[in-house]
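Coordinates as given in upload-v1.txt (compact mmCIF, C-alpha atoms and all ligand atoms):
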# COMPACT_ATOMS: atom_id res chain seq x y z
CA MET A 385 -6.99 -5.20 -46.47
CA SER A 386 -4.80 -3.88 -43.68
CA GLU A 387 -3.26 -6.58 -41.52
CA VAL A 388 -1.49 -6.26 -38.17
CA LEU A 389 0.02 -9.38 -36.62
CA LEU A 390 0.94 -9.39 -32.93
CA SER A 391 3.53 -12.12 -32.79
CA GLY A 392 4.82 -14.23 -29.92
CA GLY A 393 2.85 -12.91 -26.94
CA ARG A 394 0.66 -14.31 -24.20
CA VAL A 395 -2.98 -13.27 -24.32
CA VAL A 396 -4.60 -12.29 -21.02
CA ASP A 397 -8.29 -11.42 -21.31
CA PRO A 398 -11.63 -12.20 -19.60
CA ASN A 399 -11.33 -15.78 -20.94
CA GLY A 400 -7.99 -16.45 -19.21
CA GLU A 401 -4.40 -16.73 -20.34
CA ARG A 402 -2.77 -18.58 -23.25
CA ALA A 403 0.15 -18.26 -25.63
CA ALA A 404 -1.14 -16.88 -28.90
CA ASP A 405 -0.50 -14.64 -31.88
CA VAL A 406 -3.28 -12.24 -32.80
CA ARG A 407 -4.13 -11.38 -36.39
CA VAL A 408 -6.05 -8.15 -36.95
CA LEU A 409 -7.68 -7.44 -40.31
CA ASP A 410 -9.25 -4.07 -41.02
CA GLY A 411 -9.61 -3.20 -37.36
CA VAL A 412 -11.12 -6.50 -36.27
CA VAL A 413 -9.54 -9.51 -34.58
CA ALA A 414 -9.50 -12.17 -37.30
CA GLU A 415 -7.54 -15.03 -35.79
CA VAL A 416 -6.00 -15.99 -32.45
CA GLY A 417 -3.62 -18.93 -32.42
CA GLU A 418 -0.06 -20.15 -32.19
CA ARG A 419 2.57 -19.38 -34.84
CA LEU A 420 0.38 -17.51 -37.31
CA ALA A 421 2.12 -16.60 -40.59
CA PRO A 422 1.84 -12.96 -41.66
CA GLY A 423 0.01 -12.23 -44.90
CA ALA A 424 1.59 -10.19 -47.67
CA GLY A 425 2.15 -6.60 -46.57
CA ALA A 426 1.23 -7.29 -42.93
CA LEU A 427 2.60 -5.06 -40.19
CA VAL A 428 4.21 -7.51 -37.76
CA LEU A 429 4.54 -6.21 -34.20
CA ASP A 430 6.78 -8.09 -31.82
CA ALA A 431 4.91 -9.29 -28.74
CA SER A 432 7.52 -11.81 -27.57
CA GLY A 433 7.89 -11.85 -23.81
CA ALA A 434 4.85 -9.54 -23.60
CA ILE A 435 1.23 -9.73 -22.51
CA VAL A 436 -1.46 -9.00 -25.09
CA THR A 437 -4.55 -7.71 -23.35
CA PRO A 438 -7.67 -5.69 -24.14
CA GLY A 439 -6.81 -1.99 -24.19
CA LEU A 440 -7.06 -0.24 -20.84
CA VAL A 441 -10.08 1.89 -19.98
CA ASP A 442 -9.62 4.82 -17.61
CA LEU A 443 -12.87 5.90 -15.98
CA GLN A 444 -11.54 9.13 -14.59
CA VAL A 445 -9.31 11.58 -16.41
CA HIS A 446 -9.16 15.37 -16.41
CA PHE A 447 -8.01 16.48 -19.85
CA ARG A 448 -8.82 20.11 -18.90
CA GLU A 449 -10.60 20.92 -22.13
CA PRO A 450 -12.34 23.29 -22.41
CA GLY A 451 -10.77 25.96 -20.27
CA ARG A 452 -7.32 24.91 -19.10
CA GLU A 453 -5.60 23.79 -22.27
CA ASP A 454 -2.35 25.12 -20.81
CA ALA A 455 -2.40 22.14 -18.39
CA GLU A 456 -3.68 19.47 -20.81
CA ASP A 457 -6.03 19.08 -23.74
CA VAL A 458 -7.89 16.17 -25.24
CA GLU A 459 -5.17 15.52 -27.79
CA SER A 460 -2.22 15.58 -25.36
CA GLY A 461 -4.15 13.67 -22.71
CA ALA A 462 -5.18 10.98 -25.18
CA ARG A 463 -1.57 10.60 -26.33
CA ALA A 464 -0.45 10.14 -22.73
CA ALA A 465 -3.26 7.64 -22.15
CA ALA A 466 -2.31 5.64 -25.27
CA LEU A 467 1.30 5.47 -24.03
CA GLY A 468 -0.15 4.07 -20.82
CA GLY A 469 -1.99 1.35 -22.76
CA CYS A 470 -5.44 2.97 -22.87
CA THR A 471 -7.79 2.69 -25.80
CA ALA A 472 -10.66 4.51 -24.07
CA VAL A 473 -11.00 7.17 -21.39
CA VAL A 474 -13.83 9.02 -19.66
CA CYS A 475 -13.23 12.76 -19.25
CA MET A 476 -14.56 14.33 -16.08
CA PRO A 477 -16.93 17.29 -16.49
CA ASN A 478 -15.29 19.81 -14.14
CA THR A 479 -14.01 21.90 -17.03
CA GLU A 480 -14.52 25.62 -17.72
CA PRO A 481 -17.33 25.70 -18.79
CA PRO A 482 -18.44 22.41 -17.24
CA LEU A 483 -19.90 19.53 -19.25
CA ASP A 484 -23.50 20.25 -18.29
CA ASP A 485 -24.59 21.22 -21.79
CA ALA A 486 -24.96 19.22 -25.02
CA ALA A 487 -22.93 21.66 -27.13
CA VAL A 488 -19.95 21.60 -24.75
CA VAL A 489 -20.06 17.79 -24.49
CA GLU A 490 -20.28 17.46 -28.27
CA ALA A 491 -17.22 19.70 -28.69
CA VAL A 492 -15.16 17.47 -26.37
CA LEU A 493 -16.35 14.32 -28.17
CA GLU A 494 -15.45 15.91 -31.51
CA ARG A 495 -11.92 16.66 -30.27
CA GLY A 496 -11.73 13.06 -29.08
CA ARG A 497 -12.56 11.66 -32.50
CA ARG A 498 -9.23 12.97 -33.83
CA SER A 499 -7.20 11.75 -30.84
CA ALA A 500 -5.24 8.63 -29.86
CA CYS A 501 -8.05 7.17 -27.72
CA ASP A 502 -11.78 6.71 -27.83
CA VAL A 503 -12.73 9.69 -25.67
CA ARG A 504 -15.99 9.66 -23.76
CA ALA A 505 -17.33 12.46 -21.61
CA ALA A 506 -18.97 12.23 -18.23
CA GLY A 507 -21.81 14.69 -17.83
CA CYS A 508 -22.60 16.86 -14.84
CA ILE A 509 -25.33 15.78 -12.42
CA THR A 510 -26.24 19.39 -11.70
CA LYS A 511 -26.14 22.59 -13.73
CA GLY A 512 -22.84 24.37 -13.32
CA ARG A 513 -21.85 21.63 -10.84
CA ALA A 514 -23.55 23.91 -8.35
CA GLY A 515 -25.39 21.06 -6.63
CA ARG A 516 -28.88 22.55 -6.90
CA GLU A 517 -30.65 21.99 -10.21
CA LEU A 518 -30.34 18.83 -12.31
CA ALA A 519 -28.40 19.13 -15.58
CA PRO A 520 -30.25 17.96 -18.74
CA LEU A 521 -29.29 14.32 -18.11
CA GLY A 522 -31.49 12.99 -20.93
CA GLU A 523 -29.96 15.30 -23.53
CA LEU A 524 -26.45 14.36 -22.48
CA TYR A 525 -27.44 10.68 -22.43
CA ASP A 526 -28.57 10.99 -26.06
CA LEU A 527 -24.99 12.06 -26.95
CA GLY A 528 -23.69 8.81 -25.44
CA VAL A 529 -22.99 10.04 -21.90
CA ARG A 530 -23.38 7.16 -19.43
CA ILE A 531 -21.51 8.45 -16.37
CA PHE A 532 -22.92 11.44 -14.55
CA THR A 533 -20.94 13.20 -11.84
CA ASP A 534 -20.14 16.62 -10.42
CA ASP A 535 -16.58 15.37 -9.86
CA GLY A 536 -14.27 17.79 -8.21
CA ASP A 537 -17.24 18.47 -5.99
CA CYS A 538 -19.64 16.23 -4.12
CA VAL A 539 -23.40 16.42 -4.67
CA ALA A 540 -24.00 17.39 -1.07
CA ASP A 541 -27.78 17.83 -1.12
CA ALA A 542 -29.36 14.42 -0.48
CA ASN A 543 -32.62 15.37 -2.15
CA VAL A 544 -30.87 16.52 -5.34
CA MET A 545 -29.00 13.21 -5.36
CA ARG A 546 -32.26 11.32 -4.86
CA ARG A 547 -33.89 13.12 -7.82
CA ALA A 548 -30.83 12.40 -9.97
CA PHE A 549 -31.05 8.69 -9.09
CA GLU A 550 -34.75 8.68 -10.00
CA TYR A 551 -34.10 10.44 -13.31
CA ALA A 552 -31.08 8.29 -14.22
CA ALA A 553 -32.96 5.07 -13.41
CA ALA A 554 -34.99 5.67 -16.59
CA LEU A 555 -31.80 5.84 -18.72
CA PRO A 556 -30.49 2.30 -19.41
CA GLY A 557 -26.81 1.97 -18.56
CA ALA A 558 -26.57 5.36 -16.84
CA VAL A 559 -24.68 5.54 -13.56
CA LEU A 560 -24.21 8.29 -10.97
CA ALA A 561 -20.57 8.63 -9.95
CA GLN A 562 -19.87 10.48 -6.77
CA HIS A 563 -16.86 12.46 -5.61
CA ALA A 564 -17.62 11.37 -2.07
CA GLU A 565 -16.41 14.12 0.23
CA ASP A 566 -18.87 15.97 2.42
CA PRO A 567 -17.98 19.63 1.78
CA ALA A 568 -18.74 20.62 5.34
CA LEU A 569 -16.40 18.01 6.78
CA VAL A 570 -13.48 18.80 4.45
CA ARG A 571 -13.74 22.58 4.50
CA GLY A 572 -10.30 24.11 5.07
CA GLY A 573 -8.58 20.72 4.98
CA HIS A 574 -5.57 19.97 2.75
CA MET A 575 -4.51 16.41 3.61
CA ASN A 576 -5.76 13.32 5.42
CA GLU A 577 -6.79 14.03 9.01
CA GLY A 578 -4.64 11.87 11.25
CA GLU A 579 -1.28 11.46 12.87
CA TRP A 580 0.61 13.11 10.00
CA SER A 581 -1.68 16.14 9.65
CA ALA A 582 -1.33 16.72 13.40
CA ARG A 583 2.44 16.41 13.22
CA LEU A 584 2.75 18.69 10.17
CA GLY A 585 0.21 21.24 11.39
CA ILE A 586 -1.81 21.02 8.16
CA PRO A 587 -5.61 21.03 8.57
CA GLY A 588 -7.07 17.63 7.70
CA ARG A 589 -9.90 16.00 5.77
CA PRO A 590 -11.28 13.04 7.76
CA VAL A 591 -12.12 9.65 6.23
CA GLU A 592 -15.65 10.16 7.61
CA ALA A 593 -16.16 12.91 4.99
CA GLU A 594 -16.06 10.11 2.43
CA SER A 595 -17.73 7.26 4.29
CA THR A 596 -20.76 9.28 5.41
CA ILE A 597 -21.49 10.32 1.81
CA VAL A 598 -20.98 6.74 0.59
CA ALA A 599 -23.39 5.48 3.29
CA ARG A 600 -25.99 8.09 2.34
CA ASP A 601 -25.70 7.42 -1.38
CA LEU A 602 -25.92 3.66 -0.89
CA ALA A 603 -29.17 4.23 1.00
CA LEU A 604 -30.46 6.38 -1.88
CA ALA A 605 -29.39 3.79 -4.47
CA ARG A 606 -31.28 1.19 -2.43
CA LEU A 607 -34.32 3.46 -2.24
CA THR A 608 -34.44 4.31 -5.93
CA GLY A 609 -32.95 1.19 -7.51
CA GLY A 610 -30.41 3.47 -9.21
CA ARG A 611 -26.84 2.64 -10.20
CA TYR A 612 -24.05 4.17 -8.12
CA HIS A 613 -20.30 4.38 -8.62
CA VAL A 614 -17.80 5.57 -6.02
CA LEU A 615 -15.03 7.59 -7.67
CA HIS A 616 -11.49 7.34 -6.25
CA MET A 617 -12.50 5.51 -3.06
CA SER A 618 -9.83 6.01 -0.42
CA ALA A 619 -11.08 4.96 3.02
CA ALA A 620 -11.26 1.43 4.45
CA GLN A 621 -14.58 2.24 6.11
CA SER A 622 -16.07 3.19 2.72
CA ALA A 623 -14.92 -0.16 1.35
CA HIS A 624 -16.72 -1.95 4.21
CA LEU A 625 -19.94 -0.16 3.28
CA VAL A 626 -19.61 -0.97 -0.42
CA ARG A 627 -18.80 -4.62 0.35
CA GLU A 628 -21.89 -4.94 2.51
CA ALA A 629 -24.12 -3.15 -0.03
CA LYS A 630 -22.90 -5.40 -2.86
CA ALA A 631 -23.74 -8.46 -0.77
CA GLN A 632 -27.26 -7.05 -0.36
CA GLY A 633 -27.68 -6.55 -4.10
CA VAL A 634 -27.36 -2.76 -4.26
CA ARG A 635 -26.25 -1.69 -7.75
CA VAL A 636 -22.90 -0.24 -6.75
CA THR A 637 -19.40 -0.26 -8.22
CA ALA A 638 -16.23 1.38 -6.96
CA GLU A 639 -12.85 2.46 -8.23
CA CYS A 640 -9.56 3.30 -6.59
CA THR A 641 -6.51 5.14 -7.92
CA PRO A 642 -2.98 3.72 -8.07
CA GLN A 643 -1.86 6.47 -5.69
CA HIS A 644 -4.42 5.47 -3.05
CA LEU A 645 -3.27 1.85 -3.39
CA VAL A 646 0.40 2.71 -2.92
CA LEU A 647 1.16 6.06 -1.26
CA THR A 648 0.27 7.18 2.26
CA ASP A 649 -0.23 10.57 3.90
CA GLU A 650 3.35 10.35 5.14
CA ALA A 651 4.31 11.60 1.63
CA CYS A 652 2.90 15.01 2.64
CA ALA A 653 5.75 15.35 5.16
CA THR A 654 7.83 16.57 2.21
CA PHE A 655 5.38 19.52 1.92
CA ASP A 656 5.58 18.84 -1.81
CA PRO A 657 2.18 19.74 -3.34
CA VAL A 658 2.64 16.96 -5.91
CA PHE A 659 1.25 14.69 -3.17
CA LYS A 660 -1.83 16.83 -2.59
CA MET A 661 -5.11 15.48 -3.95
CA ASN A 662 -8.80 15.09 -3.12
CA PRO A 663 -9.64 12.75 -1.53
CA PRO A 664 -6.22 12.93 0.12
CA LEU A 665 -3.62 10.19 0.43
CA ARG A 666 -4.63 8.20 3.50
CA SER A 667 -3.05 6.18 6.31
CA ARG A 668 -1.31 2.84 5.90
CA ALA A 669 -4.42 1.11 7.32
CA ASP A 670 -6.58 2.67 4.60
CA VAL A 671 -4.09 1.70 1.88
CA ASP A 672 -4.22 -1.87 3.21
CA GLY A 673 -8.02 -1.66 3.21
CA MET A 674 -8.03 -0.52 -0.42
CA ARG A 675 -5.73 -3.39 -1.39
CA ALA A 676 -7.96 -5.94 0.36
CA ALA A 677 -10.99 -4.43 -1.38
CA LEU A 678 -9.26 -4.68 -4.76
CA VAL A 679 -8.35 -8.31 -4.12
CA ASP A 680 -11.87 -9.37 -3.08
CA GLY A 681 -13.63 -7.42 -5.85
CA THR A 682 -15.23 -4.76 -3.65
CA ILE A 683 -13.21 -2.35 -5.78
CA ASP A 684 -14.09 -3.12 -9.39
CA ALA A 685 -11.80 -0.76 -11.23
CA ILE A 686 -8.54 1.17 -11.03
CA ALA A 687 -8.89 4.69 -12.46
CA THR A 688 -6.19 7.32 -12.41
CA ASP A 689 -7.93 10.63 -11.68
CA HIS A 690 -5.24 12.02 -14.03
CA ALA A 691 -5.23 15.67 -12.98
CA PRO A 692 -2.62 17.83 -14.72
CA HIS A 693 -1.62 21.22 -13.33
CA PRO A 694 0.90 23.62 -14.87
CA PRO A 695 4.14 24.00 -12.88
CA GLU A 696 3.28 27.48 -11.60
CA ALA A 697 0.12 26.11 -9.98
CA LYS A 698 1.95 23.33 -8.17
CA GLU A 699 4.98 25.47 -7.23
CA GLN A 700 3.11 27.03 -4.34
CA PRO A 701 2.94 26.32 -0.63
CA PHE A 702 1.13 23.03 0.09
CA GLU A 703 -2.00 24.69 1.41
CA GLU A 704 -2.37 26.95 -1.63
CA ALA A 705 -1.62 24.46 -4.39
CA PRO A 706 -4.50 22.82 -6.30
CA PRO A 707 -5.15 19.10 -5.69
CA GLY A 708 -4.40 16.40 -8.24
CA MET A 709 -1.65 14.40 -9.91
CA LEU A 710 -0.77 12.85 -13.26
CA GLY A 711 -1.54 9.18 -13.78
CA VAL A 712 -2.57 7.86 -17.19
CA GLU A 713 0.90 7.17 -18.48
CA THR A 714 2.18 5.33 -15.42
CA ALA A 715 -0.86 3.51 -13.99
CA LEU A 716 -0.24 0.04 -15.37
CA ALA A 717 3.48 0.09 -14.58
CA VAL A 718 2.81 1.35 -11.04
CA VAL A 719 0.21 -1.36 -10.48
CA TRP A 720 2.54 -3.97 -11.93
CA THR A 721 5.53 -2.87 -9.85
CA THR A 722 3.78 -2.37 -6.52
CA LEU A 723 0.90 -4.88 -6.60
CA VAL A 724 1.46 -7.62 -9.21
CA GLU A 725 5.18 -8.26 -8.81
CA PRO A 726 4.98 -8.51 -4.99
CA GLY A 727 2.02 -10.91 -5.33
CA VAL A 728 -0.71 -8.68 -3.89
CA VAL A 729 -2.92 -9.21 -6.96
CA THR A 730 -2.69 -11.56 -9.93
CA PRO A 731 -2.03 -10.21 -13.43
CA GLU A 732 -5.60 -11.21 -14.36
CA ARG A 733 -7.05 -9.20 -11.46
CA ALA A 734 -4.94 -6.18 -12.37
CA PHE A 735 -6.00 -6.22 -16.03
CA ALA A 736 -9.63 -6.81 -15.07
CA ALA A 737 -9.53 -3.70 -12.89
CA LEU A 738 -7.75 -1.66 -15.56
CA SER A 739 -9.69 -2.83 -18.61
CA TRP A 740 -12.79 -5.00 -18.68
CA ALA A 741 -14.39 -3.99 -15.39
CA PRO A 742 -14.24 -0.23 -16.13
CA ALA A 743 -15.33 -0.90 -19.73
CA ARG A 744 -18.49 -2.56 -18.42
CA ILE A 745 -19.16 0.21 -15.88
CA ALA A 746 -19.03 2.86 -18.61
CA GLY A 747 -20.82 0.75 -21.24
CA LEU A 748 -17.66 0.86 -23.36
CA ASP A 749 -17.77 -2.91 -23.84
CA ALA A 750 -20.60 -2.27 -26.31
CA ASP A 751 -18.08 -0.23 -28.34
CA GLY A 752 -15.50 -3.01 -28.33
CA HIS A 753 -13.34 -2.02 -25.35
CA GLY A 754 -12.36 -4.48 -22.62
CA VAL A 755 -13.83 -7.40 -24.55
CA PRO A 756 -12.30 -10.86 -25.06
CA ILE A 757 -9.62 -11.13 -27.75
CA GLU A 758 -11.45 -13.41 -30.18
CA PRO A 759 -12.41 -13.38 -33.86
CA GLY A 760 -14.98 -10.78 -34.81
CA ARG A 761 -14.20 -8.39 -31.94
CA PRO A 762 -12.90 -4.86 -32.51
CA ALA A 763 -9.11 -4.76 -32.12
CA ASN A 764 -8.55 -2.42 -29.16
CA LEU A 765 -5.45 -3.90 -27.57
CA CYS A 766 -2.51 -3.26 -25.28
CA VAL A 767 0.81 -5.12 -25.54
CA PHE A 768 2.64 -4.85 -22.23
CA ASP A 769 6.24 -5.92 -21.59
CA PRO A 770 6.32 -6.94 -17.92
CA SER A 771 10.12 -7.08 -17.70
CA HIS A 772 10.99 -3.66 -19.16
CA THR A 773 12.44 -1.50 -16.40
CA TRP A 774 12.36 2.28 -16.65
CA VAL A 775 12.66 5.40 -14.53
CA VAL A 776 9.81 7.93 -14.49
CA GLU A 777 11.02 11.34 -15.61
CA SER A 778 8.07 13.68 -15.70
CA HIS A 779 9.67 15.90 -18.35
CA ALA A 780 9.65 12.86 -20.66
CA LEU A 781 5.92 12.18 -20.24
CA ALA A 782 3.51 13.08 -23.04
CA SER A 783 1.25 15.10 -20.75
CA LYS A 784 1.55 18.88 -20.97
CA SER A 785 2.03 18.98 -17.19
CA ARG A 786 4.73 17.59 -14.93
CA ASN A 787 3.02 16.86 -11.59
CA SER A 788 3.76 13.15 -11.36
CA PRO A 789 4.06 11.70 -7.85
CA TRP A 790 6.16 8.89 -9.36
CA GLU A 791 9.01 11.15 -10.49
CA GLY A 792 12.27 9.23 -10.08
CA TRP A 793 10.58 5.88 -9.38
CA THR A 794 12.01 2.83 -11.09
CA LEU A 795 9.07 0.91 -12.52
CA THR A 796 8.91 -2.59 -13.93
CA GLY A 797 6.73 -3.09 -16.98
CA ARG A 798 6.04 -0.83 -19.90
CA VAL A 799 3.51 -0.61 -22.70
CA ARG A 800 5.15 -1.71 -25.95
CA HIS A 801 2.24 -1.27 -28.38
CA THR A 802 -1.30 0.09 -28.17
CA ILE A 803 -3.78 -0.75 -30.91
CA LEU A 804 -6.91 1.36 -31.43
CA HIS A 805 -9.44 0.08 -33.98
CA GLY A 806 -6.71 -2.07 -35.51
CA ARG A 807 -4.12 0.71 -35.87
CA PRO A 808 -1.09 1.28 -33.64
CA THR A 809 -1.31 4.47 -31.60
CA VAL A 810 1.84 3.38 -29.77
CA ARG A 811 4.52 1.29 -31.42
CA ASP A 812 7.69 0.04 -29.68
CA GLY A 813 7.04 2.31 -26.71
CA ALA A 814 6.66 5.51 -28.73
CA LEU A 815 3.69 7.31 -30.25
CA ALA A 816 2.99 5.87 -33.69
ZN ZN A 901 -12.96 13.61 -7.77
Would you write the structure of this file as structure tokens?
Amino acid sequence: MSEVLLSGGRVVDPNGERAADVRVLDGVVAEVGERLAPGAGALVLDASGAIVTPGLVDLQVHFREPGREDAEDVESGARAAALGGCTAVVCMPNTEPPLDDAAVVEAVLERGRRSACDVRAAGCITKGRAGRELAPLGELYDLGVRIFTDDGDCVADANVMRRAFEYAAALPGAVLAQHAEDPALVRGGHMNEGEWSARLGIPGRPVEAESTIVARDLALARLTGGRYHVLHMSAAQSAHLVREAKAQGVRVTAECTPQHLVLTDEACATFDPVFKMNPPLRSRADVDGMRAALVDGTIDAIATDHAPHPPEAKEQPFEEAPPGMLGVETALAVVWTTLVEPGVVTPERAFAALSWAPARIAGLDADGHGVPIEPGRPANLCVFDPSHTWVVESHALASKSRNSPWEGWTLTGRVRHTILHGRPTVRDGALA
């Protein structure tokens, strides 16, 4: 029998908070209680002063495989995610080729089986992410795909989206996740449209590009009874729509990124492409709107949209550089430093948004992620030291790329151990 004992921590999970040691036997939580004695040969991991929580689940990562393994691959991305406390991630399908085909999806899942996280793949809604013809949703579903999206691009054609909702409604647990940006409204834009884009002379992408798509999709979800998820929601007016739809019983969930909860479009005044992403960083009012939506549960989950780019891609003028930034390794510490420590959200709310809410959205709770820490449950755990202070140095991150917007930030809180199926993937802050 292999035993791991997490000693001296405080458990925070969907059942609340309490001081407790956690004994793991052969990959399963065996005992939760105070002052447990280790068995012979047990691996004892120090959790004193730390929070023991279900492993984090990131609903939106770009591990660039297949096609751009120079920027990231499943193995390097999963290592970075484990260092960030993740035990499961969902890879977006905008790869080269895209994940619109069972063989390509199966190859990514196979790579994931040998990695530091449980890796799931989102499947395309349309063939080639071209927005016209539906991808073989049923075939991808049979491989375990539950999230369908053309992420990177919006499904612009309302009728295609309607057909996808109708098709997906017959697949239990399937959800359509939208990159909500109307392509016509964002064409030629490189940052949020507003005071800063006007001042900097950079063409903008208005918040209405997002909110009009969200409004349309909510109407289609209502019409079809389908499940809808808003990826990386960024605009306060989108949050209003989602809040209202939830109150009316529409089957909708939403996520927000750490960057959209913290940074504003003023960051683009540096002309540093590290701050370029889609949807773009928004105004202070939108950031405040996202925070309010996270607090009241309109936003269910925090996902990173981890989007690595090699240095040569980002070392271009702002308007030519590709959008996207790193996130998996820093998300929890950024949330802790900027939202939990200042009292914007409680620790429980933060962990819910980073673990058990996204696990439920992706159906990963059925595989033992984001579930209560109690006997009989699979041991997928994160041990987080909330007082460990560190400085983000992108060259020291496990990702293959370096485009972190948090470079040089002093963060409070760091993942000490990550446990996947009862085995440490991260031990004492380093890859195990
Ligand atoms: Zn996207």
Hey, can you check how far CA of Ala455 in chain A sits from CA of Pro694 in chain A? 5.0 Å
Please provide the set of residues having any atom within 9 Å of range 459-474 of chain A, restricted to only C-alpha atoms, with same-chain residues fewer than 5 positions apart removed, written as an mmCIF file with C-alpha atoms, in the coordinates of the input.
data_model
loop_
_atom_site.group_PDB
_atom_site.id
_atom_site.type_symbol
_atom_site.label_atom_id
_atom_site.label_comp_id
_atom_site.auth_asym_id
_atom_site.auth_seq_id
_atom_site.Cartn_x
_atom_site.Cartn_y
_atom_site.Cartn_z
ATOM 1 C CA PRO A 438 -7.670 -5.690 -24.140
ATOM 2 C CA GLY A 439 -6.810 -1.990 -24.190
ATOM 3 C CA LEU A 440 -7.060 -0.240 -20.840
ATOM 4 C CA VAL A 441 -10.080 1.890 -19.980
ATOM 5 C CA ASP A 442 -9.620 4.820 -17.610
ATOM 6 C CA LEU A 443 -12.870 5.900 -15.980
ATOM 7 C CA GLN A 444 -11.540 9.130 -14.590
ATOM 8 C CA VAL A 445 -9.310 11.580 -16.410
ATOM 9 C CA HIS A 446 -9.160 15.370 -16.410
ATOM 10 C CA PHE A 447 -8.010 16.480 -19.850
ATOM 11 C CA ARG A 448 -8.820 20.110 -18.900
ATOM 12 C CA ARG A 495 -11.920 16.660 -30.270
ATOM 13 C CA GLY A 496 -11.730 13.060 -29.080
ATOM 14 C CA ARG A 498 -9.230 12.970 -33.830
ATOM 15 C CA SER A 499 -7.200 11.750 -30.840
ATOM 16 C CA ALA A 500 -5.240 8.630 -29.860
ATOM 17 C CA CYS A 501 -8.050 7.170 -27.720
ATOM 18 C CA ASP A 502 -11.780 6.710 -27.830
ATOM 19 C CA VAL A 503 -12.730 9.690 -25.670
ATOM 20 C CA ARG A 504 -15.990 9.660 -23.760
ATOM 21 C CA ALA A 505 -17.330 12.460 -21.610
ATOM 22 C CA ALA A 506 -18.970 12.230 -18.230
ATOM 23 C CA ILE A 531 -21.510 8.450 -16.370
ATOM 24 C CA HIS A 690 -5.240 12.020 -14.030
ATOM 25 C CA GLY A 711 -1.540 9.180 -13.780
ATOM 26 C CA VAL A 712 -2.570 7.860 -17.190
ATOM 27 C CA GLU A 713 0.900 7.170 -18.480
ATOM 28 C CA THR A 714 2.180 5.330 -15.420
ATOM 29 C CA ALA A 715 -0.860 3.510 -13.990
ATOM 30 C CA LEU A 716 -0.240 0.040 -15.370
ATOM 31 C CA ALA A 717 3.480 0.090 -14.580
ATOM 32 C CA LEU A 738 -7.750 -1.660 -15.560
ATOM 33 C CA SER A 739 -9.690 -2.830 -18.610
ATOM 34 C CA ALA A 743 -15.330 -0.900 -19.730
ATOM 35 C CA ALA A 746 -19.030 2.860 -18.610
ATOM 36 C CA LEU A 748 -17.660 0.860 -23.360
ATOM 37 C CA HIS A 753 -13.340 -2.020 -25.350
ATOM 38 C CA ASN A 764 -8.550 -2.420 -29.160
ATOM 39 C CA LEU A 765 -5.450 -3.900 -27.570
ATOM 40 C CA CYS A 766 -2.510 -3.260 -25.280
ATOM 41 C CA VAL A 767 0.810 -5.120 -25.540
ATOM 42 C CA PHE A 768 2.640 -4.850 -22.230
ATOM 43 C CA LEU A 781 5.920 12.180 -20.240
ATOM 44 C CA ALA A 782 3.510 13.080 -23.040
ATOM 45 C CA SER A 783 1.250 15.100 -20.750
ATOM 46 C CA LYS A 784 1.550 18.880 -20.970
ATOM 47 C CA ARG A 798 6.040 -0.830 -19.900
ATOM 48 C CA VAL A 799 3.510 -0.610 -22.700
ATOM 49 C CA ARG A 800 5.150 -1.710 -25.950
ATOM 50 C CA HIS A 801 2.240 -1.270 -28.380
ATOM 51 C CA THR A 802 -1.300 0.090 -28.170
ATOM 52 C CA ILE A 803 -3.780 -0.750 -30.910
ATOM 53 C CA LEU A 804 -6.910 1.360 -31.430
ATOM 54 C CA HIS A 805 -9.440 0.080 -33.980
ATOM 55 C CA THR A 809 -1.310 4.470 -31.600
ATOM 56 C CA VAL A 810 1.840 3.380 -29.770
ATOM 57 C CA GLY A 813 7.040 2.310 -26.710
ATOM 58 C CA ALA A 814 6.660 5.510 -28.730
ATOM 59 C CA LEU A 815 3.690 7.310 -30.250
#
When you count only C-alpha atoms and all ligand atoms, which of these residues is closest to ligand ZN 901 (chain A): A:His563, A:Arg497, A:Arg589, A:His624? A:His563
Do you have the CA of Arg627 in chain A-CA of Ala737 in chain A distance handy? 16.2 Å
Contacts with ligand ZN 901 (chain A) at most 7 Å, all atoms listed in the file counted, listed as an NGL selection string: :A and (535-537 or 563 or 615-616 or 662)
Near Ala705 in chain A, counting only C-alpha atoms, which residues have an atom at most 9 Å away, once you skip same-chain residues fewer than 4 positions from it, shown as a ChimeraX atom specification? /A:657-658,660,697-701
Grab the CA of Gly528 in chain A to CA of Tyr551 in chain A distance for me, in Å with one decimal place.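 Interatomic distance, CA of Gly528 in chain A to CA of Tyr551 in chain A: 16.1 Å.
Taking only C-alpha atoms into account, Ala514 in chain A lies nearest to A:Ala540 out of the set A:Ala540, A:Arg530, A:Phe659, A:Trp720.
The residue that comes closest to Met575 in chain A, out of A:Ala599, A:Ala553, A:Met661, A:Met545 and on the basis of all atoms listed in the file, is A:Met661.
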For range 728-736 of chain A: contacts at 8 Å, all atoms listed in the file, fewer than 5 positions along chain excluded, given as number ranges by chain: A: 396-398, 400, 437, 440, 675, 679, 685, 719-720, 723, 741
Residue with the minimum atom-to-atom distance to Gly578 in chain A, picked from A:Val388, A:Val591, A:Val539, A:Leu555 with only C-alpha atoms counted, is A:Val591
Leaving out Ala623 in chain A and any residue of its chain fewer than 5 positions from it, which residues lie within 9 Å of it when counting all atoms listed in the file, given as a ChimeraX atom specification? /A:595,617-618,628,638,673-674,677,682-683
Writer output for current selection, C-alpha atoms, as a short mmCIF file (atom, residue, chain, number, x, y, z; two decimals), in the frame of the given file:
data_model
loop_
_atom_site.label_atom_id
_atom_site.label_comp_id
_atom_site.auth_asym_id
_atom_site.auth_seq_id
_atom_site.Cartn_x
_atom_site.Cartn_y
_atom_site.Cartn_z
CA SER A 595 -17.73 7.26 4.29
CA MET A 617 -12.50 5.51 -3.06
CA SER A 618 -9.83 6.01 -0.42
CA GLU A 628 -21.89 -4.94 2.51
CA ALA A 638 -16.23 1.38 -6.96
CA GLY A 673 -8.02 -1.66 3.21
CA MET A 674 -8.03 -0.52 -0.42
CA ALA A 677 -10.99 -4.43 -1.38
CA THR A 682 -15.23 -4.76 -3.65
CA ILE A 683 -13.21 -2.35 -5.78
#
